[in-house]
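**Q** Take this structure first; my questions come after.
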Amino acid sequence: AQKVTQAQTEISVVEKEDVTLDCVYETRDTTYYLFWYKQPPSGELVFLIRRNSFDEQNEISGRYSWNFQKSTSSFNFTITASQVVDSAVYFCALSFSSNTGKLIFGQGTTLQVKP
Amino acid sequence: NAGVTQTPKFRILKIGQSMTLQCTQDMNHNYMYWYRQDPGMGLKLIYYSVGAGITDKGEVPNGYNVSRSTTEDFPLRLELAAPSQTSVYFCASSWAGVSGSTEAFFGQGTRLTVV
(Lines give C-alpha, C1' and ligand atoms only; values in the text may rest on other atoms or scores of the structure.)
Protein backbone atom coordinates (compact mmCIF):
# COMPACT_ATOMS: atom_id res chain seq x y z
CA ALA A 1 0.00 0.00 0.00
CA GLN A 2 1.12 3.52 -0.75
CA LYS A 3 0.49 5.93 2.07
CA VAL A 4 1.70 9.18 3.58
CA THR A 5 1.21 9.96 7.25
CA GLN A 6 1.57 13.35 8.84
CA ALA A 7 0.85 12.61 12.46
CA GLN A 8 0.95 16.24 13.59
CA THR A 9 -2.40 17.82 12.85
CA GLU A 10 -1.59 21.24 14.26
CA ILE A 11 1.54 22.88 15.61
CA SER A 12 1.75 26.25 17.26
CA VAL A 13 5.06 28.03 17.87
CA VAL A 14 6.25 31.49 18.74
CA GLU A 15 8.14 33.45 16.14
CA LYS A 16 11.86 32.62 15.90
CA GLU A 17 11.39 29.12 17.24
CA ASP A 18 12.54 26.19 15.15
CA VAL A 19 9.86 23.68 14.15
CA THR A 20 9.96 20.26 12.52
CA LEU A 21 7.08 18.78 10.54
CA ASP A 22 7.09 15.02 10.35
CA CYS A 23 6.28 12.89 7.32
CA VAL A 24 6.30 9.10 7.18
CA TYR A 25 5.60 7.25 3.97
CA GLU A 26 4.88 3.70 2.86
CA THR A 27 5.67 2.28 -0.54
CA ARG A 28 6.99 -0.95 -1.99
CA ASP A 29 8.46 0.79 -5.01
CA THR A 30 12.20 1.27 -5.08
CA THR A 31 11.91 4.39 -7.23
CA TYR A 32 9.70 7.07 -5.81
CA TYR A 33 9.53 10.80 -5.25
CA LEU A 34 8.71 12.82 -2.19
CA PHE A 35 7.37 16.34 -2.14
CA TRP A 36 6.47 19.10 0.26
CA TYR A 37 3.85 21.70 -0.59
CA LYS A 38 2.78 24.76 1.35
CA GLN A 39 -0.81 25.98 1.40
CA PRO A 40 -1.01 29.51 2.85
CA PRO A 41 -4.31 30.99 4.05
CA SER A 42 -4.97 32.27 0.53
CA GLY A 43 -5.46 28.63 -0.50
CA GLU A 44 -3.03 28.01 -3.34
CA LEU A 45 -0.53 25.17 -3.26
CA VAL A 46 3.11 26.19 -3.41
CA PHE A 47 5.77 23.64 -4.32
CA LEU A 48 8.70 23.53 -1.88
CA ILE A 49 10.83 20.51 -2.72
CA ARG A 50 11.02 17.28 -4.73
CA ARG A 51 13.34 14.47 -3.72
CA ASN A 52 13.88 11.14 -5.44
CA SER A 53 14.42 7.91 -3.55
CA PHE A 54 18.04 7.58 -4.63
CA ASP A 55 19.12 10.88 -3.19
CA GLU A 56 19.29 10.80 0.59
CA GLN A 57 21.32 13.95 0.89
CA ASN A 58 19.73 16.48 3.18
CA GLU A 59 18.84 19.77 1.61
CA ILE A 60 18.84 23.30 2.92
CA SER A 61 17.18 26.27 1.31
CA GLY A 62 17.40 29.39 3.41
CA ARG A 63 15.48 28.76 6.62
CA TYR A 64 14.07 25.50 5.26
CA SER A 65 15.75 22.13 5.51
CA TRP A 66 14.69 18.58 4.75
CA ASN A 67 15.88 15.33 6.28
CA PHE A 68 15.28 12.25 4.15
CA GLN A 69 15.90 8.89 5.85
CA LYS A 70 15.01 5.77 3.89
CA SER A 71 15.79 3.57 6.90
CA THR A 72 12.83 5.06 8.77
CA SER A 73 10.76 5.99 5.67
CA SER A 74 10.69 9.59 6.77
CA PHE A 75 11.04 12.92 5.02
CA ASN A 76 10.89 15.59 7.70
CA PHE A 77 10.81 19.32 7.14
CA THR A 78 12.39 21.85 9.50
CA ILE A 79 11.83 25.59 9.54
CA THR A 80 14.54 27.47 11.39
CA ALA A 81 13.73 30.77 13.09
CA SER A 82 10.07 30.59 12.11
CA GLN A 83 8.23 33.70 10.97
CA VAL A 84 4.56 34.65 10.96
CA VAL A 85 4.54 34.29 7.17
CA ASP A 86 5.33 30.60 7.63
CA SER A 87 1.83 30.07 9.00
CA ALA A 88 0.18 27.66 6.58
CA VAL A 89 -0.86 24.07 6.02
CA TYR A 90 2.04 21.93 4.89
CA PHE A 91 1.52 18.77 2.87
CA CYS A 92 3.90 15.91 2.31
CA ALA A 93 3.22 13.86 -0.83
CA LEU A 94 4.49 10.74 -2.57
CA SER A 95 4.59 9.62 -6.17
CA PHE A 96 6.30 6.68 -7.78
CA SER A 97 7.86 6.15 -11.18
CA SER A 98 5.14 3.90 -12.51
CA ASN A 99 2.16 5.97 -11.44
CA THR A 100 2.09 8.74 -13.99
CA GLY A 101 2.95 11.47 -11.53
CA LYS A 102 -0.13 10.99 -9.37
CA LEU A 103 0.42 12.35 -5.89
CA ILE A 104 -0.59 10.67 -2.67
CA PHE A 105 -0.97 13.35 -0.04
CA GLY A 106 -0.72 13.24 3.70
CA GLN A 107 -3.47 14.91 5.68
CA GLY A 108 -1.41 18.03 6.22
CA THR A 109 0.01 19.82 9.23
CA THR A 110 -1.33 23.24 10.14
CA LEU A 111 1.46 25.44 11.41
CA GLN A 112 0.62 28.59 13.33
CA VAL A 113 3.45 30.96 14.07
CA LYS A 114 2.54 33.56 16.66
CA PRO A 115 4.30 36.91 16.91
CA ASN B 1 3.47 33.19 -17.29
CA ALA B 2 -0.04 32.01 -16.36
CA GLY B 3 0.78 28.39 -15.36
CA VAL B 4 -2.44 26.55 -14.46
CA THR B 5 -5.65 28.56 -14.63
CA GLN B 6 -8.92 27.40 -13.13
CA THR B 7 -12.34 28.94 -13.42
CA PRO B 8 -14.53 29.74 -11.60
CA LYS B 9 -12.97 30.47 -8.21
CA PHE B 10 -16.22 30.13 -6.32
CA ARG B 11 -19.53 28.52 -7.15
CA ILE B 12 -22.72 27.59 -5.34
CA LEU B 13 -24.80 24.82 -6.90
CA LYS B 14 -28.18 23.45 -6.01
CA ILE B 15 -28.58 19.72 -5.56
CA GLY B 16 -29.08 18.08 -8.92
CA GLN B 17 -27.53 20.86 -10.98
CA SER B 18 -24.55 20.28 -13.24
CA MET B 19 -21.49 22.34 -13.99
CA THR B 20 -18.08 22.25 -15.60
CA LEU B 21 -14.88 23.39 -13.91
CA GLN B 22 -12.44 24.69 -16.46
CA CYS B 23 -8.69 24.13 -16.34
CA THR B 24 -6.02 25.35 -18.74
CA GLN B 25 -2.25 25.09 -18.57
CA ASP B 26 0.29 26.83 -20.76
CA MET B 27 3.41 24.86 -19.83
CA ASN B 28 2.95 22.11 -22.45
CA HIS B 29 2.73 19.54 -19.68
CA ASN B 30 1.60 16.11 -20.77
CA TYR B 31 -0.04 15.12 -17.49
CA MET B 32 -3.00 16.82 -15.90
CA TYR B 33 -4.94 16.03 -12.75
CA TRP B 34 -8.01 16.95 -10.78
CA TYR B 35 -7.91 16.74 -7.00
CA ARG B 36 -10.42 17.58 -4.33
CA GLN B 37 -9.63 18.81 -0.86
CA ASP B 38 -12.13 18.31 1.92
CA PRO B 39 -11.81 20.27 5.19
CA GLY B 40 -8.88 19.11 7.29
CA MET B 41 -7.88 16.54 4.74
CA GLY B 42 -5.19 16.10 2.16
CA LEU B 43 -5.95 16.17 -1.52
CA LYS B 44 -7.49 13.16 -3.22
CA LEU B 45 -7.22 12.39 -6.91
CA ILE B 46 -10.44 12.42 -8.92
CA TYR B 47 -9.24 11.91 -12.50
CA TYR B 48 -6.05 12.30 -14.41
CA SER B 49 -4.85 12.41 -17.99
CA VAL B 50 -1.55 11.37 -19.51
CA GLY B 51 -2.15 13.18 -22.77
CA ALA B 52 -4.80 14.41 -25.16
CA GLY B 53 -7.53 11.83 -25.60
CA ILE B 54 -6.41 9.69 -22.64
CA THR B 55 -8.01 9.89 -19.20
CA ASP B 56 -8.29 7.56 -16.23
CA LYS B 57 -9.95 7.39 -12.85
CA GLY B 58 -8.27 8.32 -9.64
CA GLU B 59 -9.24 7.50 -6.09
CA VAL B 60 -12.62 9.29 -5.96
CA PRO B 61 -14.12 9.48 -9.50
CA ASN B 62 -17.80 8.86 -8.76
CA GLY B 63 -20.04 11.73 -9.79
CA TYR B 64 -17.47 13.30 -12.11
CA ASN B 65 -16.41 13.12 -15.73
CA VAL B 66 -13.48 14.53 -17.63
CA SER B 67 -12.26 14.95 -21.16
CA ARG B 68 -8.94 15.98 -22.68
CA SER B 69 -9.28 17.08 -26.27
CA THR B 70 -6.15 19.25 -26.24
CA THR B 71 -2.86 19.30 -24.32
CA GLU B 72 -3.84 22.55 -22.66
CA ASP B 73 -7.38 21.91 -21.41
CA PHE B 74 -8.76 19.45 -18.89
CA PRO B 75 -12.33 20.29 -17.83
CA LEU B 76 -14.07 18.50 -14.95
CA ARG B 77 -17.79 17.89 -15.26
CA LEU B 78 -20.08 17.44 -12.27
CA GLU B 79 -23.37 15.79 -13.10
CA LEU B 80 -26.27 15.88 -10.64
CA ALA B 81 -24.45 17.73 -7.88
CA ALA B 82 -24.73 16.32 -4.37
CA PRO B 83 -23.82 17.85 -0.99
CA SER B 84 -20.95 15.34 -0.74
CA GLN B 85 -19.30 17.17 -3.63
CA THR B 86 -18.91 20.32 -1.57
CA SER B 87 -15.15 20.74 -1.59
CA VAL B 88 -12.24 22.71 -2.96
CA TYR B 89 -11.14 21.48 -6.35
CA PHE B 90 -7.62 21.80 -7.68
CA CYS B 91 -6.39 21.24 -11.17
CA ALA B 92 -2.71 20.45 -11.63
CA SER B 93 -0.25 19.62 -14.35
CA SER B 94 3.20 18.09 -14.57
CA TRP B 95 5.69 16.77 -17.04
CA ALA B 96 6.27 13.03 -16.66
CA GLY B 97 8.55 10.74 -18.61
CA VAL B 98 10.62 7.62 -18.18
CA SER B 99 12.67 9.24 -15.43
CA GLY B 100 9.63 10.13 -13.40
CA SER B 101 7.61 13.26 -13.04
CA THR B 102 8.42 16.84 -12.22
CA GLU B 103 6.63 18.61 -9.46
CA ALA B 104 2.97 19.30 -10.07
CA PHE B 105 1.87 22.88 -10.63
CA PHE B 106 -1.51 23.69 -9.17
CA GLY B 107 -4.24 26.10 -10.09
CA GLN B 108 -5.71 28.50 -7.55
CA GLY B 109 -8.58 26.18 -6.68
CA THR B 110 -12.36 26.31 -7.05
CA ARG B 111 -14.44 26.43 -3.89
CA LEU B 112 -17.71 24.62 -4.64
CA THR B 113 -20.69 24.48 -2.33
CA VAL B 114 -23.68 22.27 -3.08
CA VAL B 115 -26.86 23.24 -1.22
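Numbering starts fresh at 1 for the residues of each chain in the C-alpha coordinates, the chains themselves are lettered A, B, ... in the order given, and ligands are numbered from 1 as they appear.
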Would you mind listing, for every residue of chain B within 8 Å of chain A, the two atoms forming the shortest contact and the distance between them in Å to one decimal, using only C-alpha atoms, sorted by chain and ascending residue number, as JSON lines?
**A**
{"residue": "B:Tyr31", "atom": "CA", "partner": "A:Thr100", "partner_atom": "CA", "distance": 7.6}
{"residue": "B:Tyr33", "atom": "CA", "partner": "A:Lys102", "partner_atom": "CA", "distance": 7.7}
{"residue": "B:Gly40", "atom": "CA", "partner": "A:Gln107", "partner_atom": "CA", "distance": 7.0}
{"residue": "B:Met41", "atom": "CA", "partner": "A:Gln107", "partner_atom": "CA", "distance": 4.8}
{"residue": "B:Gly42", "atom": "CA", "partner": "A:Gln107", "partner_atom": "CA", "distance": 4.1}
{"residue": "B:Leu43", "atom": "CA", "partner": "A:Phe105", "partner_atom": "CA", "distance": 5.9}
{"residue": "B:Lys44", "atom": "CA", "partner": "A:Phe105", "partner_atom": "CA", "distance": 7.3}
{"residue": "B:Leu45", "atom": "CA", "partner": "A:Lys102", "partner_atom": "CA", "distance": 7.6}
{"residue": "B:Tyr48", "atom": "CA", "partner": "A:Lys102", "partner_atom": "CA", "distance": 7.9}
{"residue": "B:Val50", "atom": "CA", "partner": "A:Thr100", "partner_atom": "CA", "distance": 7.1}
{"residue": "B:Ser94", "atom": "CA", "partner": "A:Gly101", "partner_atom": "CA", "distance": 7.3}
{"residue": "B:Ala96", "atom": "CA", "partner": "A:Gly101", "partner_atom": "CA", "distance": 6.3}
{"residue": "B:Val98", "atom": "CA", "partner": "A:Ser97", "partner_atom": "CA", "distance": 7.7}
{"residue": "B:Ser99", "atom": "CA", "partner": "A:Ser97", "partner_atom": "CA", "distance": 7.1}
{"residue": "B:Gly100", "atom": "CA", "partner": "A:Ser97", "partner_atom": "CA", "distance": 4.9}
{"residue": "B:Ser101", "atom": "CA", "partner": "A:Gly101", "partner_atom": "CA", "distance": 5.2}
{"residue": "B:Thr102", "atom": "CA", "partner": "A:Gly101", "partner_atom": "CA", "distance": 7.7}
{"residue": "B:Glu103", "atom": "CA", "partner": "A:Arg50", "partner_atom": "CA", "distance": 6.6}
{"residue": "B:Ala104", "atom": "CA", "partner": "A:Phe47", "partner_atom": "CA", "distance": 7.7}
{"residue": "B:Phe105", "atom": "CA", "partner": "A:Phe47", "partner_atom": "CA", "distance": 7.5}
{"residue": "B:Phe106", "atom": "CA", "partner": "A:Leu45", "partner_atom": "CA", "distance": 6.2}
{"residue": "B:Gly107", "atom": "CA", "partner": "A:Glu44", "partner_atom": "CA", "distance": 7.1}
{"residue": "B:Gln108", "atom": "CA", "partner": "A:Glu44", "partner_atom": "CA", "distance": 5.0}
{"residue": "B:Gly109", "atom": "CA", "partner": "A:Glu44", "partner_atom": "CA", "distance": 6.7}
**Q** Neighbours of range 53-58 of chain B within 10 Å (only C-alpha atoms; same-chain residues fewer than 6 positions away dropped), as a ChimeraX atom specification?
**A** /A:102 /B:31-35,44-47,64-71,74
**Q** Those same residues - N, CA and C atoms - I'd like them written as a CSV table (one decimal), in the first residue's frame.
**A**
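Generated file (selection-v1.csv):
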chain,number,residue,atom,x,y,z
A,102,LYS,N,1.0,10.8,-10.3
A,102,LYS,CA,-0.1,11.0,-9.4
A,102,LYS,C,0.5,11.1,-8.0
B,31,TYR,N,0.9,15.7,-18.5
B,31,TYR,CA,0.0,15.1,-17.5
B,31,TYR,C,-0.9,16.2,-16.8
B,32,MET,N,-2.1,15.9,-16.6
B,32,MET,CA,-3.0,16.8,-15.9
B,32,MET,C,-3.9,16.0,-14.9
B,33,TYR,N,-4.3,16.7,-13.9
B,33,TYR,CA,-4.9,16.0,-12.8
B,33,TYR,C,-6.0,16.9,-12.2
B,34,TRP,N,-7.0,16.3,-11.6
B,34,TRP,CA,-8.0,17.0,-10.8
B,34,TRP,C,-8.0,16.3,-9.4
B,35,TYR,N,-7.9,17.2,-8.4
B,35,TYR,CA,-7.9,16.7,-7.0
B,35,TYR,C,-9.0,17.5,-6.3
B,44,LYS,N,-7.2,14.5,-2.7
B,44,LYS,CA,-7.5,13.2,-3.2
B,44,LYS,C,-7.7,13.3,-4.7
B,45,LEU,N,-7.2,12.3,-5.5
B,45,LEU,CA,-7.2,12.4,-6.9
B,45,LEU,C,-8.6,11.9,-7.4
B,46,ILE,N,-9.1,12.8,-8.3
B,46,ILE,CA,-10.4,12.4,-8.9
B,46,ILE,C,-10.2,11.7,-10.3
B,47,TYR,N,-9.6,12.4,-11.2
B,47,TYR,CA,-9.2,11.9,-12.5
B,47,TYR,C,-7.9,12.5,-12.9
B,64,TYR,N,-18.2,12.4,-11.3
B,64,TYR,CA,-17.5,13.3,-12.1
B,64,TYR,C,-17.2,12.7,-13.5
B,65,ASN,N,-16.9,13.6,-14.4
B,65,ASN,CA,-16.4,13.1,-15.7
B,65,ASN,C,-15.4,14.1,-16.2
B,66,VAL,N,-14.5,13.7,-17.1
B,66,VAL,CA,-13.5,14.5,-17.6
B,66,VAL,C,-13.3,14.2,-19.1
B,67,SER,N,-12.7,15.1,-19.8
B,67,SER,CA,-12.3,14.9,-21.2
B,67,SER,C,-11.0,15.7,-21.4
B,68,ARG,N,-10.2,15.3,-22.4
B,68,ARG,CA,-8.9,16.0,-22.7
B,68,ARG,C,-8.8,16.0,-24.2
B,69,SER,N,-9.3,17.0,-24.8
B,69,SER,CA,-9.3,17.1,-26.3
B,69,SER,C,-8.0,17.8,-26.7
B,70,THR,N,-7.4,18.6,-25.9
B,70,THR,CA,-6.1,19.2,-26.2
B,70,THR,C,-5.1,19.1,-25.1
B,71,THR,N,-3.9,19.4,-25.4
B,71,THR,CA,-2.9,19.3,-24.3
B,71,THR,C,-3.1,20.3,-23.2
B,74,PHE,N,-8.3,20.7,-19.6
B,74,PHE,CA,-8.8,19.4,-18.9
B,74,PHE,C,-10.0,19.8,-18.0
**Q** When you look at Leu13 in chain B with a cut-off of 9 Å (counting only C-alpha atoms), what residues show up, excluding the ones that are within fewer than 5 positions of it in the same chain? I need them as a PyMOL selection string.
**A** chain B and resi 18-19+81-82+112-115
**Q** Could you please take those selected residues and save N, CA, C and O atoms as an mmCIF file, in the first residue's frame?
**A**
data_model
loop_
_atom_site.group_PDB
_atom_site.id
_atom_site.type_symbol
_atom_site.label_atom_id
_atom_site.label_comp_id
_atom_site.auth_asym_id
_atom_site.auth_seq_id
_atom_site.Cartn_x
_atom_site.Cartn_y
_atom_site.Cartn_z
ATOM 1 N N SER B 18 -25.806 20.713 -12.660
ATOM 2 C CA SER B 18 -24.549 20.277 -13.241
ATOM 3 C C SER B 18 -23.679 21.492 -13.530
ATOM 4 O O SER B 18 -24.187 22.617 -13.661
ATOM 5 N N MET B 19 -22.399 21.261 -13.619
ATOM 6 C CA MET B 19 -21.488 22.344 -13.985
ATOM 7 C C MET B 19 -20.161 21.769 -14.462
ATOM 8 O O MET B 19 -19.860 20.603 -14.223
ATOM 9 N N ALA B 81 -25.222 17.371 -9.071
ATOM 10 C CA ALA B 81 -24.446 17.726 -7.884
ATOM 11 C C ALA B 81 -25.115 17.249 -6.598
ATOM 12 O O ALA B 81 -26.348 17.315 -6.446
ATOM 13 N N ALA B 82 -24.272 16.794 -5.673
ATOM 14 C CA ALA B 82 -24.728 16.318 -4.371
ATOM 15 C C ALA B 82 -23.953 17.052 -3.279
ATOM 16 O O ALA B 82 -22.826 17.494 -3.517
ATOM 17 N N LEU B 112 -16.352 24.978 -4.219
ATOM 18 C CA LEU B 112 -17.710 24.619 -4.644
ATOM 19 C C LEU B 112 -18.551 24.232 -3.441
ATOM 20 O O LEU B 112 -18.136 23.422 -2.619
ATOM 21 N N THR B 113 -19.729 24.822 -3.376
ATOM 22 C CA THR B 113 -20.691 24.476 -2.333
ATOM 23 C C THR B 113 -21.961 23.978 -2.991
ATOM 24 O O THR B 113 -22.490 24.652 -3.886
ATOM 25 N N VAL B 114 -22.430 22.832 -2.565
ATOM 26 C CA VAL B 114 -23.684 22.273 -3.084
ATOM 27 C C VAL B 114 -24.726 22.336 -1.976
ATOM 28 O O VAL B 114 -24.531 21.775 -0.894
ATOM 29 N N VAL B 115 -25.825 23.040 -2.252
ATOM 30 C CA VAL B 115 -26.857 23.245 -1.220
ATOM 31 C C VAL B 115 -28.201 22.668 -1.675
ATOM 32 O O VAL B 115 -28.422 22.441 -2.852
#
**Q** Please provide the set of residues having any atom within 6 Å of Cys23 in chain A, restricted to only C-alpha atoms, with same-chain residues fewer than 6 positions apart removed, written as a VMD selection string.
**A** chain A and resid 5 to 6 74 to 76
**Q** List the spatial neighbours of Gln25 in chain B as a list in words - criterion: any atom at most 7 Å away, only C-alpha atoms, same-chain residues fewer than 4 positions off excluded.
**A**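 Here the qualifying residues turn out to be Gly3, Val4, Thr5, Glu72 and Asp73 of chain B.
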**Q** Using CA of Arg63 in chain A and CA of Phe77 in chain A as the two end points, give the distance in Å to one decimal.
**A**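 Those two atoms sit 10.5 Å apart.
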**Q** How would you write, as a VMD selection string, the set of residues in chain A that DSSP gives as helix (DSSP H, G or I)?
**A** chain A and resid 70 to 72 84 to 86
**Q** Identify all residues of chain B in strand (DSSP E or B) (DSSP on the backbone) and supply them as a PyMOL selection string.
**A** chain B and resi 4-7+10-13+19-25+31-37+43-51+54-57+64-66+73+76-78+87-94+96-97+100-101+105-106+110-114
